[in-house]
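Enquirer: I have a structure here, written as structure tokens, and I will follow up with some questions on it.
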Amino acid sequence: MGPELKVLLVVWASICAAYTLLYPALSLTSLKRLVVVDSAVTVALLVVIGVVYAGSGIGFSLFGLALPWWLYTLVTGIVIEVPLFIWYCRAYGVDFDS
């Protein structure tokens, strides 16, 4: 299993767990609280991936484009997170005005 797939699986598992387990348990119904907790989850994810890949010299490729580990993690995280964010906001009635 290549490094891209490993990172992709960790990102996918983390974001899915956050949106299906953590966020509903915390009753995150305001956009501000959701962004704060999601930022903490993203930082934790970057720390976990960074412990493994920072300074290792392992390259990542996304559609033929060479990326550092942290940018690959962020880009794949955004792609995975956007549909879950939309679903969560609709399912839990997130207030965008607060």
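Residue names in the structure tokens use chain letters A, B, ... in the order shown, residue numbers from 1 in each chain, and ligand numbers from 1 in the order shown.
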From chain A, collect each residue whose DSSP state is strand (DSSP E) and return the set as a PyMOL selection string.
Expert: chain A and resi 60-62+65-67
Enquirer: For Val41 (chain A), find every residue with an atom within 12 Å (counting only C-alpha atoms), except residues of its own chain fewer than 2 positions away, and show them as JSON, numbers by chain.
Expert: {"A": [11, 13, 14, 15, 16, 17, 18, 19, 22, 23, 34, 35, 36, 37, 38, 39, 43, 44, 45, 46, 47, 48, 74, 77, 81]}
Enquirer: Take the selection from the previous step and output its residues with N, CA, C and O atoms, as a CSV table (one decimal), in the first residue's frame.
Expert:
```csv
chain,number,residue,atom,x,y,z
A,11,VAL,N,-7.3,9.9,6.5
A,11,VAL,CA,-8.1,11.1,6.4
A,11,VAL,C,-9.6,10.7,6.3
A,11,VAL,O,-10.4,11.3,7.0
A,13,ALA,N,-11.1,8.0,7.4
A,13,ALA,CA,-11.6,7.4,8.6
A,13,ALA,C,-11.8,8.5,9.7
A,13,ALA,O,-12.8,8.5,10.4
A,14,SER,N,-10.9,9.5,9.7
A,14,SER,CA,-11.0,10.5,10.7
A,14,SER,C,-12.1,11.4,10.5
A,14,SER,O,-12.9,11.8,11.4
A,15,ILE,N,-12.3,11.8,9.2
A,15,ILE,CA,-13.4,12.8,8.9
A,15,ILE,C,-14.8,12.1,9.0
A,15,ILE,O,-15.7,12.7,9.6
A,16,CYS,N,-14.9,10.8,8.6
A,16,CYS,CA,-16.1,10.1,8.8
A,16,CYS,C,-16.5,9.9,10.2
A,16,CYS,O,-17.6,10.1,10.6
A,17,ALA,N,-15.5,9.6,11.1
A,17,ALA,CA,-15.7,9.5,12.5
A,17,ALA,C,-16.1,10.8,13.1
A,17,ALA,O,-17.0,10.8,14.0
A,18,ALA,N,-15.5,11.9,12.7
A,18,ALA,CA,-15.9,13.2,13.2
A,18,ALA,C,-17.3,13.5,12.9
A,18,ALA,O,-18.1,14.0,13.8
A,19,TYR,N,-17.7,13.4,11.7
A,19,TYR,CA,-19.1,13.8,11.2
A,19,TYR,C,-20.2,12.8,11.7
A,19,TYR,O,-21.3,13.2,11.8
A,22,LEU,N,-18.4,12.1,16.5
A,22,LEU,CA,-18.0,13.2,17.4
A,22,LEU,C,-18.9,14.4,17.3
A,22,LEU,O,-19.4,14.9,18.3
A,23,TYR,N,-19.2,14.9,16.1
A,23,TYR,CA,-20.0,16.2,16.0
A,23,TYR,C,-21.4,16.0,16.5
A,23,TYR,O,-21.9,16.8,17.2
A,34,LEU,N,-19.0,24.5,14.9
A,34,LEU,CA,-18.6,23.4,14.0
A,34,LEU,C,-17.2,23.7,13.4
A,34,LEU,O,-16.3,22.8,13.3
A,35,VAL,N,-17.0,25.0,13.0
A,35,VAL,CA,-15.7,25.4,12.4
A,35,VAL,C,-14.5,25.2,13.5
A,35,VAL,O,-13.4,24.7,13.1
A,36,VAL,N,-14.8,25.6,14.7
A,36,VAL,CA,-13.8,25.5,15.7
A,36,VAL,C,-13.4,24.1,16.0
A,36,VAL,O,-12.2,23.7,16.0
A,37,VAL,N,-14.4,23.2,16.2
A,37,VAL,CA,-14.1,21.8,16.5
A,37,VAL,C,-13.5,21.1,15.2
A,37,VAL,O,-12.5,20.3,15.3
A,38,ASP,N,-14.0,21.5,14.0
A,38,ASP,CA,-13.4,20.9,12.8
A,38,ASP,C,-12.0,21.3,12.6
A,38,ASP,O,-11.1,20.5,12.1
A,39,SER,N,-11.6,22.5,13.0
A,39,SER,CA,-10.2,23.0,12.9
A,39,SER,C,-9.3,22.2,13.8
A,39,SER,O,-8.2,21.8,13.4
A,43,VAL,N,-6.2,19.9,12.6
A,43,VAL,CA,-4.8,20.0,13.2
A,43,VAL,C,-4.4,18.7,13.8
A,43,VAL,O,-3.2,18.3,13.5
A,44,ALA,N,-5.2,17.9,14.5
A,44,ALA,CA,-4.9,16.6,15.0
A,44,ALA,C,-4.5,15.7,13.8
A,44,ALA,O,-3.6,14.9,13.9
A,45,LEU,N,-5.3,15.7,12.8
A,45,LEU,CA,-5.0,14.9,11.6
A,45,LEU,C,-3.7,15.2,11.0
A,45,LEU,O,-2.9,14.3,10.7
A,46,LEU,N,-3.3,16.5,10.9
A,46,LEU,CA,-2.0,16.9,10.3
A,46,LEU,C,-0.9,16.5,11.2
A,46,LEU,O,0.2,16.1,10.7
A,47,VAL,N,-1.1,16.5,12.5
A,47,VAL,CA,-0.1,16.1,13.5
A,47,VAL,C,0.2,14.6,13.3
A,47,VAL,O,1.3,14.2,13.2
A,48,VAL,N,-0.9,13.8,13.2
A,48,VAL,CA,-0.7,12.4,13.1
A,48,VAL,C,0.0,12.0,11.8
A,48,VAL,O,0.9,11.2,11.8
A,74,LEU,N,-4.4,18.0,3.3
A,74,LEU,CA,-5.4,19.1,3.3
A,74,LEU,C,-6.3,18.9,2.0
A,74,LEU,O,-7.6,19.0,2.2
A,77,GLY,N,-8.5,15.9,2.3
A,77,GLY,CA,-9.4,16.1,3.4
A,77,GLY,C,-10.6,17.0,3.0
A,77,GLY,O,-11.7,16.8,3.3
A,81,GLU,N,-14.4,16.0,2.9
A,81,GLU,CA,-15.2,16.6,3.9
A,81,GLU,C,-16.4,17.4,3.3
A,81,GLU,O,-17.4,17.5,4.0
```
Enquirer: Could you please write out, as an MDAnalysis selection string, every residue of region 58-98 of chain A that DSSP assigns to helix (DSSP H, G or I)?
Expert: chainID A and resid 69:92
Enquirer: Which residues are near Leu5 (chain A)? Cut-off 12 Å, only C-alpha atoms, ignore same chain within fewer than 4 positions. Put them as number ranges by chain.
Expert: A: 1, 9-12, 60-62, 72-73, 76
Enquirer: Once you have the residues from the selection above, write them out as a compact mmCIF listing (two decimals), in the first residue's frame, restricted to C-alpha atoms.
Expert:
```
# COMPACT_ATOMS: atom_id res chain seq x y z
CA MET A 1 0.00 0.00 0.00
CA LEU A 9 -7.55 6.03 4.43
CA VAL A 10 -6.52 7.85 7.61
CA VAL A 11 -8.11 11.09 6.39
CA TRP A 12 -11.30 9.30 5.32
CA PHE A 60 2.97 12.41 -2.81
CA SER A 61 1.28 12.69 -6.16
CA LEU A 62 -2.25 13.84 -6.90
CA TYR A 72 -1.86 16.30 0.02
CA THR A 73 -3.54 15.74 3.40
CA THR A 76 -7.81 15.10 0.13
```
Enquirer: Report the distance between CA of Gly50 (chain A) and CA of Trp87 (chain A) in Å, rounded to one decimal place.
Expert: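 Interatomic distance here is 28.7 Å.
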Enquirer: When you draw a straight line from CA of Pro83 (chain A) to CA of Leu65 (chain A), how long is it in Å?
Expert: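 Between CA of Pro83 (chain A) and CA of Leu65 (chain A) the gap is 23.6 Å.
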Enquirer: List the neighbours of Gly55 (chain A) out to 12 Å using only C-alpha atoms; skip same-chain residues closer than 5 positions along the sequence, and give me the result as a list in words.
Expert: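 Here the answer would be Ile49, Gly50, Pro68, Trp69 and Trp70 of chain A.
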Enquirer: Kindly save the residues from that selection, with C-alpha atoms included, as a PDB file, in the first residue's frame.
Expert:
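Written output follows (part_13.pdb):
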```
ATOM      1  CA  ILE A  49       0.192  12.350   9.394  1.00  0.00           C
ATOM      2  CA  GLY A  50       3.145  14.663  10.064  1.00  0.00           C
ATOM      3  CA  PRO A  68       4.176  17.820   0.051  1.00  0.00           C
ATOM      4  CA  TRP A  69       2.519  15.545   2.634  1.00  0.00           C
ATOM      5  CA  TRP A  70       0.683  18.378   4.387  1.00  0.00           C
TER       6      TRP A  70
END
```
Enquirer: Can you tell me, as a short mmCIF file (atom, residue, chain, number, x, y, z; two decimals) with N, CA and C atoms, in the first residue's frame, what residues are no more than 9 Å from Tyr92 (chain A) when counting only C-alpha atoms, ignoring any on the same chain fewer than 6 positions away?
Expert:
```cif
data_model
loop_
_atom_site.label_atom_id
_atom_site.label_comp_id
_atom_site.auth_asym_id
_atom_site.auth_seq_id
_atom_site.Cartn_x
_atom_site.Cartn_y
_atom_site.Cartn_z
N PRO A 24 -22.11 14.87 16.16
CA PRO A 24 -23.45 14.68 16.73
C PRO A 24 -23.43 14.56 18.26
N SER A 27 -23.32 17.86 19.80
CA SER A 27 -24.48 18.68 19.41
C SER A 27 -24.04 19.98 18.75
N LEU A 28 -23.19 19.87 17.76
CA LEU A 28 -22.70 21.05 17.06
C LEU A 28 -23.76 21.51 16.06
N THR A 29 -24.49 22.57 16.43
CA THR A 29 -25.55 23.08 15.57
C THR A 29 -25.32 24.52 15.15
#
```
Enquirer: Please indicate the distance in Å from CA of Val94 (chain A) to CA of Ser30 (chain A), rounded to one decimal place.
Expert: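 Interatomic distance here is 5.2 Å.
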